[in-house]
Amino acid sequence: KASDEIRCIGRLVKNYVMKEGYNYRDISVMTGDLGDNAAIWKHIMDQMDIPCFIDINEPLWHNPMVELVSMVIDMFEMDFSFDSVFSFLKTGFIDINGHDIYLLENYALQYGVKGMEWWSKPFKGGVKGLATVNSVRKKFMDAIDELIPVFSAKENSTREYVQCIYHFFVKLQLGKKLWEQAQSFEQEEEYRKARVYEKAYEKLLMVLDKTIDIIGDEIISRSTLKDVLNTGLSDMN
């Protein structure tokens, strides 16, 4: 019975830690395809107070960084609609704090801000804190300034799109931010999430490189680019 075998392994692990001086992180259990037993492993390890990370590949698009790729493209596809802009800002990868995003969001709702042309100019009106709102608007537009000339075009070369995305990630120090988040999950004993965040940036860069190698300078649309990247990411193990 699977549960009995798992408990037996759990007792062995506890013995190594309690009597032999090992740390939990020093111990790995190799097994075949877990299938539906992954949930059983997790449940029993929790019962036995054994922290564990079950290394099952998950679709990379569940990672916020991958969502960011789609959000960047959607923002231009939707011409900076309210939803597309604030979905992007609330990812946490842009260095704008939550309170400032809240102020910007309130202004955008009050005045119906939409369209890149509107976002590109200083806001006007008699609202309290307008100077702060404009400062946040400028910080947002400065963060994406190198995306605008490339992604404003509905079609462009694959190489132009991909290199632009790559430089944007570097500018935002996304690799560093993902690593820091992974360390935070590690401290919280969220080991599965920690491993996903540790691997996400490297895997995404591999997909970007592969996309250039395969498609190169072919002219494609923004929506096609989104489909290509999502397909590449879903195929990564």
# chains A, B, ... in the order shown; residues from 1 in each chain; ligands from 1
$ residues_around --residues "A:Ser221" --least-positions-apart "2" --cutoff "7 Å" --atoms "only C-alpha atoms" --output "PyMOL selection string"
chain A and resi 154-156+223-225
$ residues_around --residues "stretch 72-80 of chain A" --least-positions-apart "2" --cutoff "9 Å" --atoms "only C-alpha atoms" --output "ChimeraX atom specification"
/A:67-70,82-85,87-88,113-117,119,147-148,151-154,165,222-223,225-226
$ write_last_selection --atoms "N, CA and C atoms" --output "PDB file, in the first residue's frame"
ATOM      1  N   GLU A  67       3.760  35.362 -16.726  1.00  0.00           N
ATOM      2  CA  GLU A  67       2.577  36.184 -16.878  1.00  0.00           C
ATOM      3  C   GLU A  67       2.959  37.586 -17.355  1.00  0.00           C
ATOM      4  N   LEU A  68       4.100  38.067 -16.883  1.00  0.00           N
ATOM      5  CA  LEU A  68       4.559  39.397 -17.259  1.00  0.00           C
ATOM      6  C   LEU A  68       4.786  39.503 -18.768  1.00  0.00           C
ATOM      7  N   VAL A  69       5.301  38.429 -19.385  1.00  0.00           N
ATOM      8  CA  VAL A  69       5.509  38.435 -20.833  1.00  0.00           C
ATOM      9  C   VAL A  69       4.182  38.678 -21.543  1.00  0.00           C
ATOM     10  N   SER A  70       3.159  37.932 -21.131  1.00  0.00           N
ATOM     11  CA  SER A  70       1.844  38.100 -21.741  1.00  0.00           C
ATOM     12  C   SER A  70       1.269  39.481 -21.459  1.00  0.00           C
ATOM     13  N   PHE A  82      -7.218  50.308 -19.291  1.00  0.00           N
ATOM     14  CA  PHE A  82      -7.100  50.382 -17.833  1.00  0.00           C
ATOM     15  C   PHE A  82      -6.666  49.033 -17.260  1.00  0.00           C
ATOM     16  N   ASP A  83      -7.371  47.960 -17.646  1.00  0.00           N
ATOM     17  CA  ASP A  83      -7.087  46.636 -17.088  1.00  0.00           C
ATOM     18  C   ASP A  83      -5.688  46.158 -17.442  1.00  0.00           C
ATOM     19  N   SER A  84      -5.273  46.384 -18.689  1.00  0.00           N
ATOM     20  CA  SER A  84      -3.960  45.876 -19.104  1.00  0.00           C
ATOM     21  C   SER A  84      -2.826  46.607 -18.390  1.00  0.00           C
ATOM     22  N   VAL A  85      -2.974  47.907 -18.194  1.00  0.00           N
ATOM     23  CA  VAL A  85      -1.931  48.686 -17.521  1.00  0.00           C
ATOM     24  C   VAL A  85      -1.802  48.283 -16.053  1.00  0.00           C
ATOM     25  N   SER A  87      -2.939  45.563 -14.498  1.00  0.00           N
ATOM     26  CA  SER A  87      -2.512  44.168 -14.324  1.00  0.00           C
ATOM     27  C   SER A  87      -0.994  44.094 -14.387  1.00  0.00           C
ATOM     28  N   PHE A  88      -0.420  44.839 -15.304  1.00  0.00           N
ATOM     29  CA  PHE A  88       1.039  44.890 -15.465  1.00  0.00           C
ATOM     30  C   PHE A  88       1.701  45.515 -14.237  1.00  0.00           C
ATOM     31  N   VAL A 113      -8.755  57.282 -17.969  1.00  0.00           N
ATOM     32  CA  VAL A 113      -7.493  57.245 -18.720  1.00  0.00           C
ATOM     33  C   VAL A 113      -7.368  55.932 -19.480  1.00  0.00           C
ATOM     34  N   LYS A 114      -7.103  56.029 -20.775  1.00  0.00           N
ATOM     35  CA  LYS A 114      -6.835  54.846 -21.598  1.00  0.00           C
ATOM     36  C   LYS A 114      -6.165  55.299 -22.878  1.00  0.00           C
ATOM     37  N   GLY A 115      -5.356  54.422 -23.435  1.00  0.00           N
ATOM     38  CA  GLY A 115      -4.636  54.757 -24.663  1.00  0.00           C
ATOM     39  C   GLY A 115      -3.233  55.263 -24.363  1.00  0.00           C
ATOM     40  N   MET A 116      -2.250  54.813 -25.147  1.00  0.00           N
ATOM     41  CA  MET A 116      -0.869  55.202 -24.889  1.00  0.00           C
ATOM     42  C   MET A 116      -0.664  56.705 -25.030  1.00  0.00           C
ATOM     43  N   GLU A 117      -1.400  57.338 -25.924  1.00  0.00           N
ATOM     44  CA  GLU A 117      -1.250  58.778 -26.115  1.00  0.00           C
ATOM     45  C   GLU A 117      -1.564  59.533 -24.819  1.00  0.00           C
ATOM     46  N   TRP A 119      -1.402  58.253 -21.720  1.00  0.00           N
ATOM     47  CA  TRP A 119      -0.390  57.923 -20.726  1.00  0.00           C
ATOM     48  C   TRP A 119       0.933  58.638 -20.988  1.00  0.00           C
ATOM     49  N   LEU A 147      10.384  49.636 -24.729  1.00  0.00           N
ATOM     50  CA  LEU A 147       9.402  48.742 -25.348  1.00  0.00           C
ATOM     51  C   LEU A 147       8.559  49.466 -26.399  1.00  0.00           C
ATOM     52  N   ILE A 148       8.320  50.751 -26.178  1.00  0.00           N
ATOM     53  CA  ILE A 148       7.345  51.489 -26.983  1.00  0.00           C
ATOM     54  C   ILE A 148       7.663  51.491 -28.479  1.00  0.00           C
ATOM     55  N   PHE A 151       7.240  47.596 -29.696  1.00  0.00           N
ATOM     56  CA  PHE A 151       5.948  46.922 -29.546  1.00  0.00           C
ATOM     57  C   PHE A 151       4.756  47.774 -29.980  1.00  0.00           C
ATOM     58  N   SER A 152       4.992  49.032 -30.299  1.00  0.00           N
ATOM     59  CA  SER A 152       3.903  49.830 -30.873  1.00  0.00           C
ATOM     60  C   SER A 152       3.560  49.341 -32.270  1.00  0.00           C
ATOM     61  N   ALA A 153       4.525  48.707 -32.925  1.00  0.00           N
ATOM     62  CA  ALA A 153       4.286  48.122 -34.246  1.00  0.00           C
ATOM     63  C   ALA A 153       3.530  46.807 -34.090  1.00  0.00           C
ATOM     64  N   LYS A 154       2.411  46.650 -34.799  1.00  0.00           N
ATOM     65  CA  LYS A 154       1.626  45.421 -34.700  1.00  0.00           C
ATOM     66  C   LYS A 154       2.396  44.221 -35.231  1.00  0.00           C
ATOM     67  N   ILE A 165      12.398  42.421 -25.348  1.00  0.00           N
ATOM     68  CA  ILE A 165      11.903  41.833 -24.108  1.00  0.00           C
ATOM     69  C   ILE A 165      13.060  41.482 -23.183  1.00  0.00           C
ATOM     70  N   ARG A 222       2.401  40.699 -32.892  1.00  0.00           N
ATOM     71  CA  ARG A 222       2.557  40.617 -31.436  1.00  0.00           C
ATOM     72  C   ARG A 222       1.822  39.407 -30.874  1.00  0.00           C
ATOM     73  N   SER A 223       0.606  39.153 -31.371  1.00  0.00           N
ATOM     74  CA  SER A 223      -0.171  38.026 -30.854  1.00  0.00           C
ATOM     75  C   SER A 223       0.498  36.700 -31.194  1.00  0.00           C
ATOM     76  N   LEU A 225       3.741  36.278 -31.520  1.00  0.00           N
ATOM     77  CA  LEU A 225       4.872  36.189 -30.593  1.00  0.00           C
ATOM     78  C   LEU A 225       4.407  35.641 -29.246  1.00  0.00           C
ATOM     79  N   LYS A 226       3.301  36.137 -28.757  1.00  0.00           N
ATOM     80  CA  LYS A 226       2.772  35.657 -27.484  1.00  0.00           C
ATOM     81  C   LYS A 226       2.489  34.161 -27.545  1.00  0.00           C
TER      82      LYS A 226
END
$ residues_around --residues "A:Glu198" --least-positions-apart "6" --cutoff "12 Å" --atoms "only C-alpha atoms" --output "ChimeraX atom specification"
/A:60,63,65,174-186,191-192,204
$ residues_around --residues "stretch 22-29 of chain A" --least-positions-apart "5" --cutoff "12 Å" --atoms "only C-alpha atoms" --output "ChimeraX atom specification"
/A:6,9-10,12-17,34,41,45,49-55,186,189,191
$ write_last_selection --atoms "C-alpha atoms" --output "compact mmCIF listing (two decimals), in the first residue's frame"
# COMPACT_ATOMS: atom_id res chain seq x y z
CA ILE A 6 5.58 6.47 2.36
CA ILE A 9 10.29 6.19 4.28
CA GLY A 10 9.21 9.07 6.50
CA LEU A 12 13.73 6.52 7.98
CA VAL A 13 14.09 10.20 7.14
CA LYS A 14 13.21 11.20 10.72
CA ASN A 15 15.76 8.72 12.02
CA TYR A 16 18.53 10.20 9.84
CA VAL A 17 17.69 13.69 11.10
CA LEU A 34 4.40 9.79 -8.78
CA TRP A 41 3.30 12.13 -0.23
CA MET A 45 5.01 14.36 5.09
CA ASP A 49 6.28 17.28 10.28
CA ILE A 50 8.80 16.60 7.51
CA PRO A 51 9.36 19.61 5.23
CA CYS A 52 9.48 18.40 1.64
CA PHE A 53 9.74 19.64 -1.92
CA ILE A 54 8.13 17.37 -4.49
CA ASP A 55 9.97 18.00 -7.74
CA GLU A 186 12.75 28.89 1.09
CA GLU A 189 9.50 26.35 3.82
CA TYR A 191 10.11 24.60 -1.16
$ select_by_dssp --residues "chain A" --states "strand (DSSP E)" --output "MDAnalysis selection string"
chainID A and resid 155:157 219:221
$ residues_around --residues "A:Ser157" --least-positions-apart "3" --cutoff "8 Å" --atoms "only C-alpha atoms" --output "mmCIF file with N, CA and C atoms, in the first residue's frame"
data_model
loop_
_atom_site.group_PDB
_atom_site.id
_atom_site.type_symbol
_atom_site.label_atom_id
_atom_site.label_comp_id
_atom_site.auth_asym_id
_atom_site.auth_seq_id
_atom_site.Cartn_x
_atom_site.Cartn_y
_atom_site.Cartn_z
ATOM 1 N N GLU A 160 13.739 41.453 -33.200
ATOM 2 C CA GLU A 160 13.526 42.758 -32.557
ATOM 3 C C GLU A 160 12.660 42.618 -31.306
ATOM 4 N N TYR A 161 11.562 41.890 -31.441
ATOM 5 C CA TYR A 161 10.668 41.693 -30.305
ATOM 6 C C TYR A 161 11.387 41.019 -29.133
ATOM 7 N N GLY A 216 14.221 33.613 -36.058
ATOM 8 C CA GLY A 216 15.160 34.626 -36.536
ATOM 9 C C GLY A 216 14.533 35.946 -36.877
ATOM 10 N N ASP A 217 14.700 36.380 -38.122
ATOM 11 C CA ASP A 217 14.240 37.708 -38.548
ATOM 12 C C ASP A 217 12.873 37.690 -39.225
ATOM 13 N N GLU A 218 12.173 36.600 -39.106
ATOM 14 C CA GLU A 218 10.839 36.518 -39.707
ATOM 15 C C GLU A 218 9.913 37.560 -39.082
ATOM 16 N N ILE A 219 9.113 38.208 -39.917
ATOM 17 C CA ILE A 219 8.168 39.210 -39.437
ATOM 18 C C ILE A 219 6.931 38.506 -38.881
ATOM 19 N N ILE A 220 6.590 38.808 -37.642
ATOM 20 C CA ILE A 220 5.418 38.205 -37.013
ATOM 21 C C ILE A 220 4.632 39.281 -36.277
#
$ atom_distance --atom1 "atom CA of A:Gly125" --atom2 "atom CA of A:Lys138"
16.3 Å
